[in-house]
Structure formats: structure tokens, C-alpha cells
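Engineer: One structure, pasted below without further comment.
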Amino acid sequence: MMLVMSSSCNKWLDLQPRDGITRQEFWKTKEDVLAAVSGCYTSLLAPPPGIGDKSLLEYMFMYGELRADMIAGGPSITTEETDIINVNIAQDNTTARWAAFYRTINYCNTVLDFAPGVKATDPTFTDAALNGYVAEALTLRSLMYFYLLRTFRDVPLKLTATVKDTDLQDLPKTKQADILKQIVADLKKAEQGAVTTYGNTRFDKGRVTKFTVNALLADVYLWMEDYPNCITECNKIINSQRFALVGAGSGWYNNVFFKGSSIETIFEFDQAIENPFYTLLVNTRRRFIGSPFLSTEIFIPDDVDPDNNYDIRPGSYYNAAFTIQKYGTENPSYVKWQAYRYSDIMMIKAEALALTGGGVEALALVDELRLRRNAVNATKVTVDPSETEALCDYILAERAREFAFEGKRWFDLLRHAKRNNYSRIDILLDLAAKTVSPTLQQSAITKFRDPNSHYLPIYQSELFTDPNLVQNPFYTK
Amino acid sequence: MKVKLDIRNITYLVILSAFIVFVINACKRESLTLSTTDDVNITGFLEKNPDKFSLFTQILERSGTKGYLAAYGKYTMFTPDNNAVNDWLKSLNKTAVDQLSAAELKDVVRFHVLPDTVATGKFTDGKLTQITLYGQYLQTGVIFKDGVSSFIINKQALITQSNVRVGNGIIHVIDHVLIPSTKTLAASIEANNRYSIFTQALKETGFYDSLNYVQSAIPDTTRRFQTVILESDSAIQAAGFSNYAALKAKLSKTGNPKSHTDSLWMYVAYHISTGASYTPDIVSSPSLSTLVPSEIVTTKLVGTKILLNDDEFNGVIEPGVEVNRTFSNVTTSNGVLHESKGFYKIKPRVPTGVFFDIGDQPELKLLAAWRAPGQTIQLLQNGKLITAGIRLDAYRSNTIGPVYAVSSTPIGASDGRSYANRDVIQFNPTTSNTARSIWMEIRTPMLVKGKYKVWICYTYNGSGPLTQVGVDVGTTQEQLLPNLVDFAQTLASSGVPTANAALPSADGLMLTNGFKRYMATTAEVSNGVNGLQPISQNNLWSVMVGKLAGVVDIKTTDKHWVRFTTLRGNGSGIMNMDMIHFIPIDDDQNYPRFSPSGLIYKRP
């Protein structure tokens, strides 16, 4: 009797769960750190098991495209999504849920909090390896905050991990400018630790490298209207000689998007997890299709010989029925989301140059990209390099063609509109005149005059759970 | 000392203490939730915030509407805060709510309450679809003031707090009391010195009185609300009429402007329509009916401009006039006023033939595949038709719909089957297959009112469907055409066999039997180029068929819908429809003829 009791006691008294690993058991070796960092990347494509949310990528796509002019409602668009297109947004619109971004931020914060402690238990875990992992987590976290601050403007800035109930904090919002400062500081730190190569092309494209940090930093500086620093970051990538445009041959789309890891890509989401785009864009019950402006304003066909003289991009991006095929038509789809490509750096640099008196050089960059994409004369604009605004409009139009459906369009429009204290607000007013339903058009145009309306509301349940959050004043009246 | 236990005492103590405990506990109030919700209703919300709403609460009390708004139901109340009520009282030279009568206050409350829940998401650029209990519509919009955009109600009050959900509805807090319009349409026009010429025209044509009714007194209930679009004096002057006398001299031919045949009467009547149409209502329907029988004003939104009568007649674009948004959406007690930037009136037109190539749809013209050889475009895409000018009875399938196709045969190849401009609409209707449509409708170009023979021009298909053609089916102007169109018939069905097709009498014989050739034959020449249709080659001359569906009497100069309803068809045979001709009944029905090259052939 005693014997039986003493031997079975072991498990009775063990409080550790038997079907998982606890934090105390986990952060022991460098492999554990790598697993945790991989988890951060995985969270970009799918919510964790048991969380019934849309994938982060779906939010990124919607935040970047829904309010702009490149997509339109498909057969199954929801009322809430139509409301966003119509600038008719209330705080109970579920598209404004930001939880997916904060989940990834928390994974990054967990790595940042616990990875340094692993050095104590794993002597083979070098400083360089630690700094590399920290750089990856910092960069991904910065990318998340960059999306959040462009979508919601001021958001809570959480820089420590939430691993138990007592870590929960009712954070107030942090100003967009302060979050930007934090991002710049984090990325500067990440640049020191990040590797230039993992010795493997897929990792070089699918994980954060020094060039990913530079690319994100260039984009952030452009948003901050800090053009000299932006150009510096672009030059680091260009001068590395590691990236180039893929030629306009038949394999361009296939190499860059379908296969991925091309010489053009700086950072892509490369996980063995299906992306959300089959259901979103291809399935018969798709929610979004290409907008009618694609053929009339963005990819105008050549007026002389459209069959032989055509831009290589539109044919790969969408079909005659305006179904968006950039992410493939297969179910499931594994086409990789391009976070930054070399062409992005060219256009970012061109924009920064255009705004700092480097019009000639900027125009050369645009021309180079157009040449490689076989852009047709119908979309060519003759611009005087000294006319900054005309040049910016041209760059903006080329960005629409190059990054169609890559979740960048609304942020591009907003960045140009807000430049110099909203000197180009007309860009958004014209947008509303085109995209909004006729019965709401005038209201939408007037709403867009108020910069608060350019940012989404905080979803109402966030306001209930965090009493320190204050709603964007545009949505309370 | 030995303590003696007194059992009785102890028992007594125990019972006593138990009793005390019981009494104390009984006193404690049990906290049970006795209501299903602690949400307050409209009045409850106002009472919870007396610092903001004490005055409006007094208004509710004094008007006797408080109980009503405290009860369950669904309402929307635009609620002025205390500052708003104070400003309003001051404007009335009153100092307190109780200086106003209960009846006056009741009207105020009725103007602020809608019998439905309307959140800001349902606001538009115009009126709210629900009418206030007072009987006037409220108008919504957005205004940009001091760097901030806010919702504005009736151009009077800004919303300061929106979408407050309470138990029986929604509250929107506003910064001014809403004041209903007291002036009628006629009085509002007269009071505005921009409209002196139009005012005079209203008076002399007798419309002044019909626009001056107070709502409750209007005998014709369809005219409880009316919409007037009018021109300012300067717009009328810019059109060449320096004053009212000049306008009258030009238009009033009968000398009696009250006569319904007088052009001045018609000019004014053409500017008035029934119902309260705010700008969003105007842009969301293709035309506005007017008080002139069967005359309409077409409307369209181009960018942000609202254009009236901006139309294309037989390829000629007639520029329209623009609505002046600054002076539009003016609410009056019996309707709404808009101003147009230019002078417009009914244009006298004579009916002319309309030769409608049905592939000529604006949405298709934007596509690279339009009239490109060998191309096809599925018109049913993403669950709806991409062409606004074609519709089906129902979208039964996501994929099976009409198809636009362009022939791949080179122009001049001796194939009888080549459509005008090489394009055709193919449609596959059925009476039996639930995945397909029973009918298809096509919107015509502008047709001037008059009588037309309707020719359906198609290519023969041996298993094509049998259809009945109707115009404006389902409306009060519905006309079903007498001849059924069988897409399985060739021109030989006209009674003219191949052997006789080249005879001079052939065209006349075919016409008598309701058929015609509509493609130019090799005998006809345009710009030195011969037509392509063989005249009497076996089976080739007869496949491009023009079939007379009947005569339609178009009553309104407008775009109309032509419906093809299937009477026989199992979904396996398509109709290849190329053109529809509307030819005034007294005009030449045989010419012009058409060609794949786009050339038009007149009667030789």
C-alpha cells in the first residue's frame, strides 16, 4: 500500500502540464530561441490555433487597399467593408480590429524579453546569434507598429511581453510621432545586429536581413518626411549590389511572385502556410475584385497595338473579369506576400529625390523601372523634373502599377496627401469622388477634409476593455 | 468550583441566538436582478445627464411626450443640449420652456423624432428615408468647419455626440434646435431675389398656387412633396432673355400661359416633379419625371457634377446643364429646391431611326477586347452583369450569362455570318433549366417619342430560342410586340427561297412578311467598298436576319428597356443578337444596311 502511494505521488504533485511546454522549461537553448522567432514569422500568415480571427495578412491587405481605388467589392463583400470604401465608418466596424497586429507584437516582445536569458543556460548561444534574433524581432515589431500608426495614427505602444495576467496593462495611446521615434531607434539597433545573409537564398528573402531593416527604415523616413535619411537607407540597399530587377521576359511574374526568393525581393512572407487570398480574391464567393479604374486610369492599354505592345504587369495581376490573380488562382495559394522589393526602393528613393530637388535623378529611376516593365506610352507622362508635384504624381501613378494589390496603395495616397501639412489633400478628395457611392459622395469628400477621418476608429470592444484609450474624435460625433 | 451545566439555559441560548441570526439575516436585502437589462430608455438617458439635457427633458414633460419616449419601441431622437435650447429660447424672446404652449413644444419634439433607429451609417448626402413625426424630412450631410468635419442636420445643427444607443432607440446630440421650414416652395422661390424671373413665370402659369399649399391642405396626395429645379435670373439672362417679358415673348405662343399646350406652361412644368428628390435621389435614378406628361429630365453624375439632360442622340452628344450644389437641397415645407447653372427646356425633336448595335455598351468600350477580332467577354462577372444596360430576370448562376463576342473571321472572308462591326451578344435563355435566365433586357439609346417599327437583327441558329419581345415590361408603359422572334428562322422563312433572293422583288416580298436583310449585300457600295453579304448563295444569303417584332409607340423621350422573354428554349441553343433597329413607321425600313467593316450603306 505504501509502495503504491509513494510511486504514484510523483505525478500527483507535478504541476507542470503534460501536453505542452511551459516557459520555465522552454527558454533553455538557442534552438528554443529560433523556434520562438519562427513563431513570430508564422503569425504573419495565420492566427494561432483556437483564435477565430482573420489572418494578419488579410488585415494588411484590407488596410492598404480597401480605402483606395485599386479594388472594388466582389460578390461577397460585407456591409462593413462597403462602409469603409464609402468613408461611412463607425466604431463597431469589425474590420478595425487590431488584435492580429498586437498578437505578433507580443510574440516579438516575448523573444526580446526572454532570448537574452538563454545565454545563461546555453553556452553555445553566441552574442552574434542573440543579436541576430533580437534584430529580427525588433524589425517585425517595427513593421507591425508602422502598419498600426498609418492605419490608426495613435495606438498603445507595448514594448514588453504579456505572458501572464499581471502583465496586462491599460495603456493609453502613444502619439504617432513618438511611435515613429521608437521605430527608428529600434531599427537602428536592429541594423547593428541583423545579418547580411543566412547563406541561403530562401532565408535571405524570407527572414529579416540588414537590407530588410534598411528598406523598412527608408519607408519610415519617407513617411516622416525625412528625405535625406531616406535616401541614405535606399543607397545602402542599392550599393550592396545584391538586388536587381528581374527582366521583362515571360518568367517575371512566376519568378518574383509565384516561386519567390527572386533577386528582386528584399523581404517576403515565406511560410509553408496558405495565404488568405484564394478565398478573398479568387473563389466564386470572393470579397474583392479589381476596380474599374484599372483599365481606364492605371493600366491604360497601348492605343496603337495593344496585342504586341503591352505592360508586363496587368496581365499577371488580374484577368479580363477583373479577378485579381496576383496571388495565384490555386487553392490553397502559397504565393508570397512581397513586403519590400527592389523596385520599392527605387520608387522610395525617387520620391525622396523629387522632394529634395533631385528631379532629374528621380525621373531616371522611374524611367528605368518603366523600361524594365515594358510600360506603354499611354501611361507615360512628360514631366519637367523641376515640377515637384507633377513628378510626385507620376511616381505615385507608377507605384500604383508596380505595387497593385500589395497593400500599399492607400498608404501611398495618404502619404502624399499629408505631405507638408496636408498640402495635397486634393488627392484624397479626388479619390472619394471616384470610389464612393453616389449618394454618399459629397459627405465622403467633406469628411476627408478632416485628417482625423483618414485613420480608422479604435474598435469598440478595445475601448470597453481599456479605459485609458480615447477614441479618435472624428468617430464620436 | 464545579460549573454546573444547565442544559435548559444552553438550549435556550442556542435557540435565542439562532433566532437572532435569523432575524438579522432576514433584514438583509437580497440583491437579485429584477430587470432584464439596466439600459435606460431615451428619457432615462436624458435624466441621467441633467447638466446637458435638463431643458429638453422639460420640453418632453411639458409637451406630454415623455412617457411615450420612455416606453419600449424604436426611435431616433435628435436631442439638442441645454446650450442649444437656451439659444433657441433666446431667439424666440423667451426665458424658460414653460413660456411656450404644450402644442408648440409637441411640434418641436415631433420634428426631432424618427419612428425608426437611424445610426449615422444610414446618413446620405440628402434626406433620411424615414420622415419625422412632424411630417417633414430631415436632411443629413457633412460640413467642414474649423478643421473638423461633422455631420450636419437640416443645414442647421451639428451632431456633437452620435449613435448613443439606448433601450428604445438611438440618440444623436445636436448643438442647435431643429426648426422646420415654414415657407412653401412658392414662397421660398419668391423670397429669394435670385429667382425673380422664375417667380413671375410661376405666377403667370398658375404654378405659384399649386406650389404654395401647406401640406395638410394639398388635395392631391401625390403632390404632398414636390421638387423644383429652377434657373437663377442670371442663368436665364445668359440664355438670352434679359427679363421675364423676353422669356414670355419667346415661349408663350398661345398667349395664355395657363394653357397646358403653351410652351411657357410647359417650360415651368418641365422644372417641377413630384416627390421630395434631394441630390442623392436625383443621381441614383437615370431620369426625373416632370409635370409635363411623358417628358423627363435625364440625370447623371460625372465626377462630382450632377448633369441634367446630358445625352447622346444618334451619336451626337448634347451637353447638359449642371446642378449648382451651393443652391440646391433647399428644404421647404412642401418640397425641395435645386438650382441649375444653365437654362434648359424641352427640346422639340422628331423621331429618327435608331440603329442600335447592342455590343455598343459603354462598359465594354473601355475594354481592350471590344471589337477586337476573336475576343469574347463574359458579361456576367463576379455574380453581376458588368453592363448597366443589360439585365436578366435573376442571377441564377455565377457564370452562365450573356457573352459579348467578336468574330475572328477576317473581313471579306466569304462567310455569310459576320455581324455588323463584327460583334454580337450571345445569350442562352431557357424555360426549363433553373440555372439559366428566362429573359434578358437591353436598354435602348435615347428614343424620341413616336411610333417605331422594331427590327431584331440576329444570326440564324438552328436550335435558337423562340422569344417574345416587349418594351418597358413591368412598367405602366408596358407594350408587348405582336410578332414572336424565332432565332431558329432564316430569311428563307420569309417565303423567299435562295433561287429568288437576287430578284428585284425579293426585298419587297420579305418586308411584306416581316423580314429584311440588314447586312449590306455585295451589290451595294459605300465609299467605293462593296458590301459583304452574298445575295443568293445557297444558305449564306439568308443567315443574317432582320425580323420585325412589331410597332412600338414610344411615349416618353428616354432610354427604354427591350425585353426578350423565352417561350421555347432548353438552354442549349443560343440567340446571336447583333442589332435592334427602331425605324419610324413612315421611314424606309430596308436601309441603311450594315457591314462587319463598320461601313453604313444607304439605299443605292
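In the C-alpha cells, each chain is lettered A, B, ... as it comes, each chain's residues begin at 1, and ligands are numbered from 1 in order of appearance.
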Name the residues in contact with B:Val562 at a cut-off of 7 Å, using only C-alpha atoms, excluding same-chain residues fewer than 4 positions from it; report them as a list of chain:residue names.
Structural biologist: B:Glu441, B:Ile442, B:Arg443, B:Val469, B:Gly470, B:Val471, B:Asp472
Engineer: Wanna dump the chain A-chain B contacts at 8 Å for me, each residue with its shortest atom pair and the distance in Å to one decimal, counting only C-alpha atoms, ordered by chain and number, as a tab-separated table?
Structural biologist:
```
residue	atom	partner	partner_atom	distance
A:Gly74	CA	B:Asn382	CA	6.0
A:Pro75	CA	B:Asn382	CA	5.5
A:Asp83	CA	B:Gly121	CA	7.8
A:Asn88	CA	B:Gly121	CA	5.8
A:Ile89	CA	B:Gly121	CA	7.0
A:Ala90	CA	B:Gly121	CA	7.1
A:Thr284	CA	B:Asn382	CA	7.1
A:Arg286	CA	B:Asn382	CA	7.9
A:Ile289	CA	B:Asn382	CA	8.0
A:Ser295	CA	B:Leu367	CA	7.0
A:Thr296	CA	B:Leu366	CA	6.8
A:Pro301	CA	B:Ala368	CA	7.0
A:Pro306	CA	B:Ala368	CA	7.6
A:Ala320	CA	B:Ile377	CA	7.5
A:Ala321	CA	B:Gln381	CA	5.9
A:Ala433	CA	B:Gly303	CA	6.0
A:Lys434	CA	B:Gly303	CA	6.6
A:Pro438	CA	B:Pro280	CA	6.7
A:Thr439	CA	B:Pro280	CA	4.4
A:Leu440	CA	B:Thr124	CA	5.0
A:Gln441	CA	B:Asp125	CA	7.2
A:Gln442	CA	B:Asp125	CA	6.1
A:Ser443	CA	B:Val142	CA	5.0
A:Ala444	CA	B:Val142	CA	7.9
A:Thr446	CA	B:Val142	CA	6.0
A:Lys447	CA	B:Ser149	CA	5.3
A:Phe448	CA	B:Ser149	CA	7.9
A:Arg449	CA	B:Phe144	CA	6.8
A:Asp450	CA	B:Val148	CA	5.1
A:Phe474	CA	B:Ser149	CA	7.4
A:Thr476	CA	B:Gln161	CA	5.7
A:Lys477	CA	B:Gln161	CA	4.1
```
Engineer: As a PDB file with C-alpha atoms, in the first residue's frame, please: the residues near stretch 327-340 of chain B (cut-off 10 Å, only C-alpha atoms, same-chain neighbours under 6 positions excluded).
Structural biologist:
```pdb
ATOM      1  CA  ASP B 125     -25.991  63.456 -48.851  1.00  0.00           C
ATOM      2  CA  GLY B 126     -29.738  64.078 -48.816  1.00  0.00           C
ATOM      3  CA  LYS B 127     -32.855  63.241 -46.905  1.00  0.00           C
ATOM      4  CA  GLY B 135     -44.158  65.310 -41.406  1.00  0.00           C
ATOM      5  CA  GLN B 136     -41.059  66.925 -42.880  1.00  0.00           C
ATOM      6  CA  TYR B 137     -37.962  65.101 -43.977  1.00  0.00           C
ATOM      7  CA  LEU B 138     -34.666  65.703 -42.238  1.00  0.00           C
ATOM      8  CA  GLN B 139     -31.658  66.276 -44.396  1.00  0.00           C
ATOM      9  CA  ASN B 154     -31.002  70.156 -41.959  1.00  0.00           C
ATOM     10  CA  LYS B 155     -28.113  72.576 -42.568  1.00  0.00           C
ATOM     11  CA  PRO B 180     -38.990  73.049 -39.558  1.00  0.00           C
ATOM     12  CA  SER B 181     -39.371  75.061 -42.740  1.00  0.00           C
ATOM     13  CA  THR B 182     -42.451  77.196 -42.686  1.00  0.00           C
ATOM     14  CA  LYS B 183     -42.189  78.596 -46.197  1.00  0.00           C
ATOM     15  CA  THR B 184     -43.697  76.698 -49.081  1.00  0.00           C
ATOM     16  CA  LEU B 185     -41.816  76.102 -52.312  1.00  0.00           C
ATOM     17  CA  ALA B 186     -43.554  79.057 -53.935  1.00  0.00           C
ATOM     18  CA  ALA B 187     -42.841  81.368 -51.025  1.00  0.00           C
ATOM     19  CA  SER B 188     -39.202  80.269 -50.815  1.00  0.00           C
ATOM     20  CA  ILE B 189     -38.676  80.933 -54.514  1.00  0.00           C
ATOM     21  CA  TYR B 195     -35.284  83.942 -58.825  1.00  0.00           C
ATOM     22  CA  LEU B 211     -46.587  75.077 -55.037  1.00  0.00           C
ATOM     23  CA  ASN B 212     -47.981  77.231 -52.250  1.00  0.00           C
ATOM     24  CA  TYR B 213     -50.206  74.717 -50.500  1.00  0.00           C
ATOM     25  CA  VAL B 214     -49.492  73.962 -46.921  1.00  0.00           C
ATOM     26  CA  GLN B 215     -49.039  70.256 -46.754  1.00  0.00           C
ATOM     27  CA  SER B 216     -52.196  69.320 -44.898  1.00  0.00           C
ATOM     28  CA  ILE B 218     -52.914  69.635 -50.538  1.00  0.00           C
ATOM     29  CA  ARG B 223     -48.049  66.178 -54.566  1.00  0.00           C
ATOM     30  CA  ARG B 224     -47.540  66.486 -50.824  1.00  0.00           C
ATOM     31  CA  PHE B 225     -43.906  66.948 -51.701  1.00  0.00           C
ATOM     32  CA  GLN B 226     -42.619  68.359 -54.950  1.00  0.00           C
ATOM     33  CA  THR B 227     -39.188  69.079 -56.309  1.00  0.00           C
ATOM     34  CA  VAL B 228     -38.393  72.225 -58.253  1.00  0.00           C
ATOM     35  CA  ILE B 229     -35.191  72.693 -60.209  1.00  0.00           C
ATOM     36  CA  LEU B 230     -35.008  76.264 -61.377  1.00  0.00           C
ATOM     37  CA  GLU B 231     -32.669  78.725 -63.016  1.00  0.00           C
ATOM     38  CA  SER B 232     -31.455  81.923 -61.433  1.00  0.00           C
ATOM     39  CA  ALA B 235     -28.738  81.901 -65.931  1.00  0.00           C
ATOM     40  CA  HIS B 271     -38.890  72.079 -63.914  1.00  0.00           C
ATOM     41  CA  ILE B 272     -41.236  70.505 -61.399  1.00  0.00           C
ATOM     42  CA  SER B 273     -41.506  66.878 -60.371  1.00  0.00           C
ATOM     43  CA  THR B 274     -43.484  65.112 -57.692  1.00  0.00           C
ATOM     44  CA  GLY B 275     -41.871  63.734 -54.570  1.00  0.00           C
ATOM     45  CA  ALA B 276     -39.024  65.121 -52.481  1.00  0.00           C
ATOM     46  CA  SER B 277     -35.906  64.425 -54.530  1.00  0.00           C
ATOM     47  CA  TYR B 278     -32.686  65.549 -52.908  1.00  0.00           C
ATOM     48  CA  THR B 279     -29.459  65.367 -54.892  1.00  0.00           C
ATOM     49  CA  PRO B 280     -28.695  61.731 -53.960  1.00  0.00           C
ATOM     50  CA  ILE B 306     -24.736  66.405 -61.490  1.00  0.00           C
ATOM     51  CA  LEU B 307     -25.706  66.929 -65.121  1.00  0.00           C
ATOM     52  CA  LEU B 308     -29.245  67.235 -66.421  1.00  0.00           C
ATOM     53  CA  VAL B 321     -26.704  71.710 -67.619  1.00  0.00           C
TER      54      VAL B 321
END
```
Engineer: Which of these, B:Ala191, B:Val292, B:Met579, B:Ala502, has the shortest distance to B:Thr521 once you count only C-alpha atoms?
Structural biologist: B:Ala502
Engineer: Residues at most 12 Å from A:Gly199, counting only C-alpha atoms, excluding those fewer than 6 positions away in the same chain, as a short mmCIF file (atom, residue, chain, number, x, y, z; two decimals) with N, CA and C atoms, in the first residue's frame?
Structural biologist:
```cif
data_model
loop_
_atom_site.label_atom_id
_atom_site.label_comp_id
_atom_site.auth_asym_id
_atom_site.auth_seq_id
_atom_site.Cartn_x
_atom_site.Cartn_y
_atom_site.Cartn_z
N LYS A 205 15.54 35.96 -48.19
CA LYS A 205 14.36 36.68 -48.64
C LYS A 205 13.22 36.55 -47.63
N ARG A 207 13.54 35.86 -44.29
CA ARG A 207 13.81 36.33 -42.93
C ARG A 207 14.42 37.72 -43.00
N THR A 209 16.87 40.55 -42.94
CA THR A 209 18.30 40.79 -43.06
C THR A 209 18.55 42.27 -42.81
#
```
Engineer: Skipping near chain neighbours, those fewer than 3 positions away, what residues fall within 7 Å of A:Ala218 using only C-alpha atoms, listed as a list in words?
Structural biologist: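 Returned residues: Asn214, Ala215, Tyr221, Leu222, Cys230, Glu233 and Cys234 of chain A.
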Engineer: Can I get the selected residues back with C-alpha atoms, as a PDB file, in the first residue's frame?
Structural biologist:
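New file again14.pdb:
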```pdb
ATOM      1  CA  ASN A 214      17.167  49.424 -44.370  1.00  0.00           C
ATOM      2  CA  ALA A 215      14.098  49.061 -46.557  1.00  0.00           C
ATOM      3  CA  TYR A 221      11.726  58.028 -43.078  1.00  0.00           C
ATOM      4  CA  LEU A 222       9.682  58.732 -46.199  1.00  0.00           C
ATOM      5  CA  CYS A 230      15.541  58.054 -46.522  1.00  0.00           C
ATOM      6  CA  GLU A 233      18.922  53.988 -46.395  1.00  0.00           C
ATOM      7  CA  CYS A 234      17.966  53.396 -50.047  1.00  0.00           C
TER       8      CYS A 234
END
```
Engineer: Rounded to one decimal in Å, what is the spacing between atom CA of A:Tyr147 and atom CA of A:Val436?
Structural biologist: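 Rounded to one decimal, the two atoms are 23.8 Å apart.
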Engineer: Per DSSP on the backbone, filter stretch 277-395 of chain B down to the residues in strand (DSSP E) and report them as a PDB file with C-alpha atoms, in the first residue's frame.
Structural biologist:
```
ATOM      1  CA  SER B 287     -34.240  60.293 -65.021  1.00  0.00           C
ATOM      2  CA  LEU B 288     -36.711  62.547 -63.240  1.00  0.00           C
ATOM      3  CA  SER B 289     -40.288  62.615 -64.410  1.00  0.00           C
ATOM      4  CA  ILE B 296     -38.440  63.536 -68.483  1.00  0.00           C
ATOM      5  CA  VAL B 297     -35.177  65.120 -67.434  1.00  0.00           C
ATOM      6  CA  THR B 298     -32.256  62.713 -67.645  1.00  0.00           C
ATOM      7  CA  THR B 299     -29.729  62.870 -64.843  1.00  0.00           C
ATOM      8  CA  LYS B 300     -26.178  61.673 -64.415  1.00  0.00           C
ATOM      9  CA  LEU B 301     -23.266  62.071 -62.061  1.00  0.00           C
ATOM     10  CA  VAL B 302     -19.955  62.806 -63.754  1.00  0.00           C
ATOM     11  CA  LYS B 305     -21.047  67.131 -61.116  1.00  0.00           C
ATOM     12  CA  ILE B 306     -24.736  66.405 -61.490  1.00  0.00           C
ATOM     13  CA  LEU B 307     -25.706  66.929 -65.121  1.00  0.00           C
ATOM     14  CA  LEU B 308     -29.245  67.235 -66.421  1.00  0.00           C
ATOM     15  CA  ASP B 311     -27.439  62.908 -73.604  1.00  0.00           C
ATOM     16  CA  GLU B 312     -26.366  61.348 -76.813  1.00  0.00           C
ATOM     17  CA  PHE B 313     -28.839  61.281 -79.698  1.00  0.00           C
ATOM     18  CA  VAL B 316     -24.455  63.438 -81.280  1.00  0.00           C
ATOM     19  CA  ILE B 317     -23.603  64.470 -77.752  1.00  0.00           C
ATOM     20  CA  GLU B 318     -25.841  67.182 -76.390  1.00  0.00           C
ATOM     21  CA  VAL B 321     -26.704  71.710 -67.619  1.00  0.00           C
ATOM     22  CA  GLU B 322     -25.066  71.328 -64.252  1.00  0.00           C
ATOM     23  CA  VAL B 323     -26.873  71.447 -60.926  1.00  0.00           C
ATOM     24  CA  ASN B 324     -25.481  74.194 -58.712  1.00  0.00           C
ATOM     25  CA  VAL B 330     -33.113  73.690 -50.016  1.00  0.00           C
ATOM     26  CA  THR B 331     -35.823  72.163 -47.847  1.00  0.00           C
ATOM     27  CA  THR B 332     -39.192  73.875 -47.796  1.00  0.00           C
ATOM     28  CA  GLY B 335     -40.691  70.011 -51.021  1.00  0.00           C
ATOM     29  CA  VAL B 336     -37.151  70.703 -52.084  1.00  0.00           C
ATOM     30  CA  LEU B 337     -35.495  73.282 -54.342  1.00  0.00           C
ATOM     31  CA  HIS B 338     -32.461  72.955 -56.566  1.00  0.00           C
ATOM     32  CA  GLU B 339     -30.802  75.381 -58.912  1.00  0.00           C
ATOM     33  CA  SER B 340     -29.370  74.556 -62.312  1.00  0.00           C
ATOM     34  CA  VAL B 354     -32.054  54.395 -84.178  1.00  0.00           C
ATOM     35  CA  PHE B 355     -29.826  51.576 -85.345  1.00  0.00           C
ATOM     36  CA  PHE B 356     -28.570  50.095 -82.138  1.00  0.00           C
ATOM     37  CA  ASP B 357     -25.618  47.741 -82.284  1.00  0.00           C
ATOM     38  CA  THR B 376     -15.071  37.294 -76.048  1.00  0.00           C
ATOM     39  CA  ILE B 377     -16.169  38.964 -72.828  1.00  0.00           C
ATOM     40  CA  GLN B 378     -18.356  37.249 -70.266  1.00  0.00           C
ATOM     41  CA  LEU B 380     -21.734  38.033 -66.018  1.00  0.00           C
ATOM     42  CA  GLN B 381     -18.737  38.513 -63.836  1.00  0.00           C
ATOM     43  CA  LYS B 384     -23.416  40.509 -61.632  1.00  0.00           C
ATOM     44  CA  LEU B 385     -23.534  41.879 -65.152  1.00  0.00           C
ATOM     45  CA  ILE B 390     -28.297  44.733 -69.932  1.00  0.00           C
ATOM     46  CA  ARG B 391     -30.155  42.859 -67.226  1.00  0.00           C
ATOM     47  CA  LEU B 392     -31.524  39.406 -66.525  1.00  0.00           C
TER      48      LEU B 392
END
```
Engineer: Could you list, as a PyMOL selection string, every residue within 12 Å of A:Thr212, counting only C-alpha atoms and ignoring same-chain residues fewer than 6 positions away?
Structural biologist: chain A and resi 135-136+138-140+142-143+187-188+190-191+194-197+203-206+218-219+233-234+236-237+243+265-269+338-342+344-345
Engineer: Taking the DSSP assignment computed from this structure's backbone, write out as a PyMOL selection string all residues of stretch 152-364 of chain B that belong to helix (DSSP H, G or I).
Structural biologist: chain B and resi 185-191+193-205+207-210+215-217+221-223+233-238+244-251+263-269+279-283+325-327+362-364
Engineer: For stretch 537-541 of chain B, please output as a ChimeraX atom specification all residues within 10 Å (counting only C-alpha atoms; exclusion window: fewer than 4 positions along the same chain).
Structural biologist: /B:414-417,490-492,497-499,501-502,517,519,521,532-533,545
